[in-house]
Protein chains: 2
Amino acid sequence: MISTACLETVEKSGVSAPRAVTMDKIASLCKRRGFVFQSSEIYGGLGSCWDYGPLGIALKRNITEAWWRDMITAREDMVGLDAAILMHPRVWEASGHLAGFTDPLVDCKKCKHRFRADQLTEPKCPDCGGELTESRNFNLMFKTFMGPVEDTASVVYMRPETAQGIFVNFQNVLNASRLKIPFGIGQIGKSFRNEITPGNFLFRTREFEQMEIEFFVKPGEDEKWHQYWKETRFNWYLKYGLTASRLRLREHGKDELAHYAKGCADVEYEFPFGWSELEGIANRSDFDLKQHAEFSGKDLSFFNEETRERFVPYVIEPSAGVGRPLLAFLVDAYDEDTAEGEERVVLRLDPRLAPIKAAVFPLLRKAGHPEKAQEIRDVLKEHFAVTYDQAGSIGRRYRRQDEIGTPFGITVDHDTLKDGTVTVRERDSMEQVRMPVDRLVDELRARIAAGRAPVVASS
Amino acid sequence: MISTACLETVEKSGVSAPRAVTMDKIASLCKRRGFVFQSSEIYGGLGSCWDYGPLGIALKRNITEAWWRDMITAREDMVGLDAAILMHPRVWEASGHLAGFTDPLVDCKKCKHRFRADQLTEPKCPDCGGELTESRNFNLMFKTFMGPVEDTASVVYMRPETAQGIFVNFQNVLNASRLKIPFGIGQIGKSFRNEITPGNFLFRTREFEQMEIEFFVKPGEDEKWHQYWKETRFNWYLKYGLTASRLRLREHGKDELAHYAKGCADVEYEFPFGWSELEGIANRSDFDLKQHAEFSGKDLSFFNEETRERFVPYVIEPSAGVGRPLLAFLVDAYDEDTAEGEERVVLRLDPRLAPIKAAVFPLLRKAGHPEKAQEIRDVLKEHFAVTYDQAGSIGRRYRRQDEIGTPFGITVDHDTLKDGTVTVRERDSMEQVRMPVDRLVDELRARIAAGRAPVVASS
């Protein structure tokens with residue numbers, strides 16, 4: 001855990017060295033190397049929807065798996081859940097989304113274009129100068145029809161958050177497991193919000209993925225647990241390498257709090273477009289369980305057998321995106337420097353998150369080097385995501401891997417065929433060590449598990 | 001690879017011993033132990049939508065991770081992709097879904113109920129005996145509206161298959177990677193079909209998850225690769241323990257083939273409700289890439305630098321569900337027998353798929369046993385999904401774990417405190433061996449990786 005004092009220091013510092021990264025550079029690298037493509041790009045794209053390419057989905061899987069392992073598998077007080085995207089429409093009545101999950105919109109009476117009222121600076125249409133209608137509330141949930149008849153009785157919504165899937169399953173999980181309060185339920189899944197103004201690449205998208213925890217506690221113990229989760233989640237981003245000075249925990253002002261929230265803090269990262277939310281950690285009180293109990297008529301309280309107490313739990317909700325942390329990890333890892341006498345782009349990703357853990361290179365395209373390198377690649381592939389590259393000079397091959405954050409380069413040369421050793425080069429330090437092939441799996445496993453090494457000068 | 005002869009034998013056998021499992025028993029176990037709950041159950045559920053509980057999502061993650069590892073990470077000729085669920089509507093014009101992905105429906109003129117015309121046996125309404133309308137085609141895609149205006153220009157569809165996300169990204173992946181034909185792109189993700197008649201628990205659902213591969217090959221080499229993928233995918237189900245005599249590869253008749261398919265075979269499993277499809281392996285020819293090239297105006301051909309040939313690749317598509325294999329693994333693993341003198345339900349899941357790998361038990365709830373057992377649990381938790389249980393007799397605790405497929409039970413007793421050894425009990429054989437605590441991680445890792453052990457008599 002970090003101390004509150006430490007949190008405050010981080011929060012107040014907020015001043016960082018200038019950096020090479022820009023959003024344009026990130027988006028260009030993502031497209032060029034296959035991290036992220038525009039959805040349906042051959043048809044001109046679809047508003048703010050993105051597809052993850054081979055390296056992007058590998059990075060995304062590493063992030064979600066790290067979250068799942070740290071937050072669920074490795075903890076005794078957490079279990080997982082995977083609720084459907086389509087839920088009963090009454091869920092959104094109870095949660096308040098049907099009535100309240102809206103943006104104020106105005107229409108231009110002349111050109112018929114539509115705008116968010118709270119984002120207009122002039123009382124006239126920004127597109128044609130025409131007169132605007134009164135503002136009205138527009139619900140941000142995507143609606144569709146289930147079953148063969150398109151009428152109001154068949155309307156269902158694509159969930160705007162994964163959280164409600166957890167609340168409606170609270171009693172089911174309790175009955176099926178042997179859990180006692182305090183415990184939490186975690187979930188990773190897609191949500192959909194018909195945002196009027198999406199943008200900033202992966203930052204605000206209409207289709208997005210969430211990693212959410214609802215942690216159920218005894219009323220009165222909620223503030224202690226809220227503090228615990230703020231620290232735990234803040235530290236999680238540090239653990240996987242985000243720069244401390246670009247990370248802060250920002251407490252919401254009273255005027256910012258959602259109607260259900262007793263308190264909330266955001267983990268924010270300093271993107272090139274400014275400080276923005278990665279994750280919100282809210283104290284949702286007993287609002288959701290009470291609403292669902294009322295709307296469903298089911299008892300959603302918890303009975304403590306030992307103390308004979310019955311209560312509706314309070315809920316602490318650490319709610320992270322997936323795209324936003326992924327973008328933060330990319331932005332934070334991006335660097336430009338000089339390596340082996342050449343300028344390079346390097347992604348200093350934590351080895352646990354890096355899409356490819358090691359690249360195997362034959363020094364020459366002859367003399368048995370390719371065969372030996374492929375043989376090593378085949379052994380490593382059983383354990384890690386690895387690649388093989390024989391095209392171009394060794395320097396050029398290093399550059400190619402540096403740019404996608406591959407932490408280790410393994411080169412097969414004349415000596416490999418004689419004494420069974422290879423050169424292992426580390427991405428950040430560019431340090432090269434010689435080691436026997438049969439130590440590679442254990443050595444790589446240990447160095448990946450250790451996380452990102454401090455950057456030291458090349459030896 | 002299995003030989004064709006072997007496939008035919010399996011295909012023709014089709015006769016199996018009677019078994020204890022029924023769909024009712026599976027659904028009941030799933031609810032009781034937290035594998036699967038009805039979606040929004042507190043509101044009466046939502047038609048054929050299901051939520052995965054703590055054990056269900058653990059099992060599902062193990063299945064999808066096994067697929068991803070075997071089909072993508074461990075192969076040099078495959079990469080991953082993760083396309084958005086919402087795609088440009090032109091995609092579905094090109095793919096043929098907008099015009100052709102339909103079921104024939106009729107309405108009752110009296111009670112207004114709607115039915116699938118091809119499933120009616122009488123010309124009158126089955127609900128009220130009223131007169132029916134002419135049948136008309138009903139599109140199975142869920143539609144919604146993107147952006148603030150609900151009009152025809154803003155209609156988008158929730159994808160009915162993940163495949164099209166791969167086709168529209170073919171050139172992007174080719175440009176961003178260094179892949180050459182033959183290679184494949186794999187994807188795991190949700191799809192949605194507004195089925196008129198969903199059913200059989202997880203078997204046919206409106207919201208479902210797919211594990212799809214599109215493997216791009218040179219025309220003329222497609223039949224060879226089609227055969228390769230039929231064998232590879234059939235073997236994958238055997239590898240994770242489905243009973244060979246309940247698995248078959250069924251070639252589609254000419255009349256069953258989709259308009260785009262040159263050939264197709266289904267991997268079928270014998271569920272309690274009969275032989276049903278787990279996965280289809282189709283030769284889609286060059287239909288999809290040609291359609292998207294025509295509709296988008298983009299060149300979707302491949303140029304082989306070495307042979308100077310340009311062609312539109314043929315596509316072999318091994319397309320599996322996730323819910324169906326999960327249901328098959330559950331059904332196949334379900335057994336009832338006598339263990340340690342008691343009747344038990346046991347899930348003989350492959351250890352790699354089992355939601356929990358080991359349970360740690362203190363023999364007594366005193367004498368330092370619980371503390372020691374929890375200490376061991378904490379060490380194992382860093383490596384595997386494990387649980388701790390001290391409630392009830394050892395026999396009862398074994399039963400609880402047998403029922404959810406936990407392959408190993410570890411018991412801490414008096415001797416553990418003296419000599420640092422524990423008893424490890426295997427679920428299927430019920431064999432017990434004594435081993436030092438510090439060998440547990442390596443031993444469990446090896447025994448999990450080895451897959452399901454042949455069932456032998458208890459020692």
# chains A, B, ... in the order shown; residues from 1 in each chain; ligands from 1

call {"tool": "interface_residues", "arguments": {"of": "chain B", "to": "chain A", "cutoff": "7 Å", "atoms": "only C-alpha atoms", "output": "ChimeraX atom specification"}}
result
/B:32-34,39-40,42-43,45-46,49-54,57,73-74,79-84,87-88,142-148,168,173,176-177,194,196,296,298,381-382,385

call {"tool": "write_last_selection", "arguments": {"atoms": "C-alpha atoms", "output": "compact mmCIF listing (two decimals), in the first residue's frame"}}
result
# COMPACT_ATOMS: atom_id res chain seq x y z
CA ARG B 32 -26.28 -24.58 -7.62
CA ARG B 33 -22.52 -24.35 -7.83
CA GLY B 34 -22.26 -21.08 -9.74
CA SER B 39 -29.49 -13.54 -17.13
CA SER B 40 -31.39 -10.94 -15.06
CA ILE B 42 -34.32 -11.58 -10.35
CA TYR B 43 -36.47 -9.95 -13.05
CA GLY B 45 -34.81 -13.78 -16.83
CA LEU B 46 -34.27 -12.66 -20.40
CA CYS B 49 -29.48 -15.14 -22.21
CA TRP B 50 -27.15 -16.63 -19.60
CA ASP B 51 -24.60 -15.24 -17.18
CA TYR B 52 -21.47 -17.15 -16.24
CA GLY B 53 -20.93 -17.36 -12.49
CA PRO B 54 -17.58 -17.64 -10.69
CA ILE B 57 -16.23 -17.83 -16.16
CA THR B 73 0.44 -18.04 -29.69
CA ALA B 74 2.04 -21.43 -30.28
CA VAL B 79 -2.10 -14.00 -35.47
CA GLY B 80 -4.93 -12.67 -33.31
CA LEU B 81 -7.46 -9.92 -33.92
CA ASP B 82 -10.24 -8.30 -31.89
CA ALA B 83 -12.69 -6.40 -34.05
CA ALA B 84 -15.52 -4.25 -32.72
CA MET B 87 -19.42 -2.52 -37.83
CA HIS B 88 -20.17 -0.37 -40.84
CA PHE B 142 -30.10 -7.12 -34.09
CA LYS B 143 -30.23 -3.53 -35.26
CA THR B 144 -29.61 -0.34 -33.33
CA PHE B 145 -28.99 3.35 -34.04
CA MET B 146 -25.60 5.04 -33.73
CA GLY B 147 -25.42 8.76 -33.00
CA PRO B 148 -28.13 11.07 -31.75
CA VAL B 168 -12.36 -6.37 -43.60
CA VAL B 173 -3.04 -7.21 -41.00
CA ALA B 176 1.25 -4.37 -40.49
CA SER B 177 2.78 -7.83 -40.24
CA ASN B 194 -32.10 -12.75 -32.99
CA ILE B 196 -36.72 -17.18 -33.16
CA SER B 296 -15.37 -1.27 -50.83
CA LYS B 298 -10.24 -1.79 -52.29
CA LYS B 381 -2.46 -19.03 -5.18
CA GLU B 382 0.42 -17.24 -6.84
CA ALA B 385 -6.61 -21.04 -8.96

call {"tool": "select_by_dssp", "arguments": {"residues": "segment 149-308 of chain B", "states": "helix (DSSP H, G or I)", "output": "MDAnalysis selection string"}}
result
chainID B and resid 152:154 163:167 170:176 222:239 244:246 254:256 287:296

call {"tool": "residues_around", "arguments": {"residues": "segment 398-405 of chain A", "least_positions_apart": "2", "cutoff": "8 Å", "atoms": "only C-alpha atoms", "output": "mmCIF file with C-alpha atoms, in the first residue's frame"}}
result
data_model
loop_
_atom_site.group_PDB
_atom_site.id
_atom_site.type_symbol
_atom_site.label_atom_id
_atom_site.label_comp_id
_atom_site.auth_asym_id
_atom_site.auth_seq_id
_atom_site.Cartn_x
_atom_site.Cartn_y
_atom_site.Cartn_z
ATOM 1 C CA ARG A 33 2.587 -2.075 -36.621
ATOM 2 C CA ARG A 344 15.055 4.568 -32.630
ATOM 3 C CA VAL A 345 11.478 4.490 -31.407
ATOM 4 C CA VAL A 346 11.191 2.224 -28.378
ATOM 5 C CA LEU A 347 8.158 1.079 -26.384
ATOM 6 C CA ARG A 348 9.412 0.554 -22.845
ATOM 7 C CA LEU A 349 6.479 -1.714 -21.975
ATOM 8 C CA ALA A 354 4.664 -6.681 -23.952
ATOM 9 C CA PRO A 355 2.820 -8.411 -26.842
ATOM 10 C CA ILE A 356 5.911 -10.388 -27.842
ATOM 11 C CA ALA A 359 12.546 -12.276 -30.921
ATOM 12 C CA ILE A 394 20.745 -7.118 -36.935
ATOM 13 C CA GLY A 395 20.441 -3.403 -36.140
ATOM 14 C CA ARG A 396 17.344 -3.097 -38.293
ATOM 15 C CA PRO A 407 11.936 -6.894 -24.210
ATOM 16 C CA GLY A 409 16.353 -10.214 -28.543
ATOM 17 C CA ARG A 427 15.532 -3.624 -24.927
#

call {"tool": "closest_residue", "arguments": {"among": "B:Gly129, B:Gly341, B:Gly392, B:Val412", "to": "Glu375 of chain B", "atoms": "only C-alpha atoms"}}
result
B:Val412

call {"tool": "residues_around", "arguments": {"residues": "Ala20 of chain A", "least_positions_apart": "5", "cutoff": "8 Å", "atoms": "only C-alpha atoms", "output": "number ranges by chain"}}
result
A: 334-336

call {"tool": "select_by_dssp", "arguments": {"residues": "segment 101-133 of chain B", "states": "strand (DSSP E or B)", "output": "PyMOL selection string"}}
result
chain B and resi 102-108+114-116+124+131-132

call {"tool": "atom_distance", "arguments": {"atom1": "atom CA of Asp222 of chain B", "atom2": "atom CA of Phe302 of chain B"}}
result
15.1 Å

call {"tool": "residues_around", "arguments": {"residues": "Phe273 of chain B", "least_positions_apart": "5", "cutoff": "10 Å", "atoms": "only C-alpha atoms", "output": "PyMOL selection string"}}
result
chain B and resi 22-23+200

call {"tool": "atom_distance", "arguments": {"atom1": "atom CA of Ala261 of chain B", "atom2": "atom CA of Trp68 of chain B"}}
result
25.3 Å

call {"tool": "atom_distance", "arguments": {"atom1": "atom CA of Trp236 of chain A", "atom2": "atom CA of Asp77 of chain A"}}
result
17.3 Å

call {"tool": "residues_around", "arguments": {"residues": "Arg447 of chain A", "least_positions_apart": "5", "cutoff": "10 Å", "atoms": "only C-alpha atoms", "output": "ChimeraX atom specification"}}
result
/A:351-352,407-408,442,452-453

call {"tool": "write_last_selection", "arguments": {"atoms": "N, CA and C atoms", "output": "short mmCIF file (atom, residue, chain, number, x, y, z; two decimals), in the first residue's frame"}}
result
data_model
loop_
_atom_site.label_atom_id
_atom_site.label_comp_id
_atom_site.auth_asym_id
_atom_site.auth_seq_id
_atom_site.Cartn_x
_atom_site.Cartn_y
_atom_site.Cartn_z
N PRO A 351 7.68 -6.01 -19.36
CA PRO A 351 7.76 -7.30 -20.07
C PRO A 351 6.50 -8.17 -19.90
N ARG A 352 5.81 -8.03 -18.76
CA ARG A 352 4.60 -8.81 -18.55
C ARG A 352 3.50 -8.39 -19.51
N PRO A 407 10.87 -7.16 -25.18
CA PRO A 407 11.94 -6.89 -24.21
C PRO A 407 13.26 -7.62 -24.47
N PHE A 408 13.19 -8.77 -25.17
CA PHE A 408 14.43 -9.54 -25.33
C PHE A 408 14.68 -9.95 -26.79
N ASP A 442 13.99 -20.68 -18.45
CA ASP A 442 13.97 -20.25 -17.04
C ASP A 442 14.38 -18.79 -16.89
N ARG A 452 9.45 -4.52 -15.34
CA ARG A 452 10.38 -3.68 -16.08
C ARG A 452 11.61 -3.38 -15.25
N ALA A 453 12.78 -3.63 -15.83
CA ALA A 453 14.04 -3.36 -15.13
C ALA A 453 14.33 -1.87 -15.18
#

call {"tool": "residues_around", "arguments": {"residues": "segment 279-281 of chain A", "least_positions_apart": "5", "cutoff": "9 Å", "atoms": "only C-alpha atoms", "output": "list in words"}}
result
His226, Trp229, Lys230, Arg233, Gly263, Cys264, Ala265, Asp266, Val267, Glu268, Ile316, Glu317, Pro318, Ser319, Ala320, Gly321, Arg324 and Pro325 of chain A

call {"tool": "write_last_selection", "arguments": {"atoms": "C-alpha atoms", "output": "mmCIF file, in the first residue's frame"}}
result
data_model
loop_
_atom_site.group_PDB
_atom_site.id
_atom_site.type_symbol
_atom_site.label_atom_id
_atom_site.label_comp_id
_atom_site.auth_asym_id
_atom_site.auth_seq_id
_atom_site.Cartn_x
_atom_site.Cartn_y
_atom_site.Cartn_z
ATOM 1 C CA HIS A 226 -12.933 2.758 -0.107
ATOM 2 C CA TRP A 229 -9.305 0.132 -2.953
ATOM 3 C CA LYS A 230 -8.086 3.599 -3.928
ATOM 4 C CA ARG A 233 -5.860 0.236 -7.664
ATOM 5 C CA GLY A 263 -17.633 9.466 -2.502
ATOM 6 C CA CYS A 264 -15.469 8.903 -5.563
ATOM 7 C CA ALA A 265 -11.878 9.266 -6.649
ATOM 8 C CA ASP A 266 -10.423 8.893 -10.119
ATOM 9 C CA VAL A 267 -7.071 7.423 -11.005
ATOM 10 C CA GLU A 268 -5.928 9.882 -13.647
ATOM 11 C CA ILE A 316 -17.069 -0.048 -3.274
ATOM 12 C CA GLU A 317 -16.641 0.007 -7.042
ATOM 13 C CA PRO A 318 -13.199 0.176 -8.669
ATOM 14 C CA SER A 319 -14.284 0.601 -12.288
ATOM 15 C CA ALA A 320 -11.560 0.675 -14.936
ATOM 16 C CA GLY A 321 -11.699 0.770 -18.696
ATOM 17 C CA ARG A 324 -7.853 3.712 -21.526
ATOM 18 C CA PRO A 325 -5.224 1.844 -19.493
#
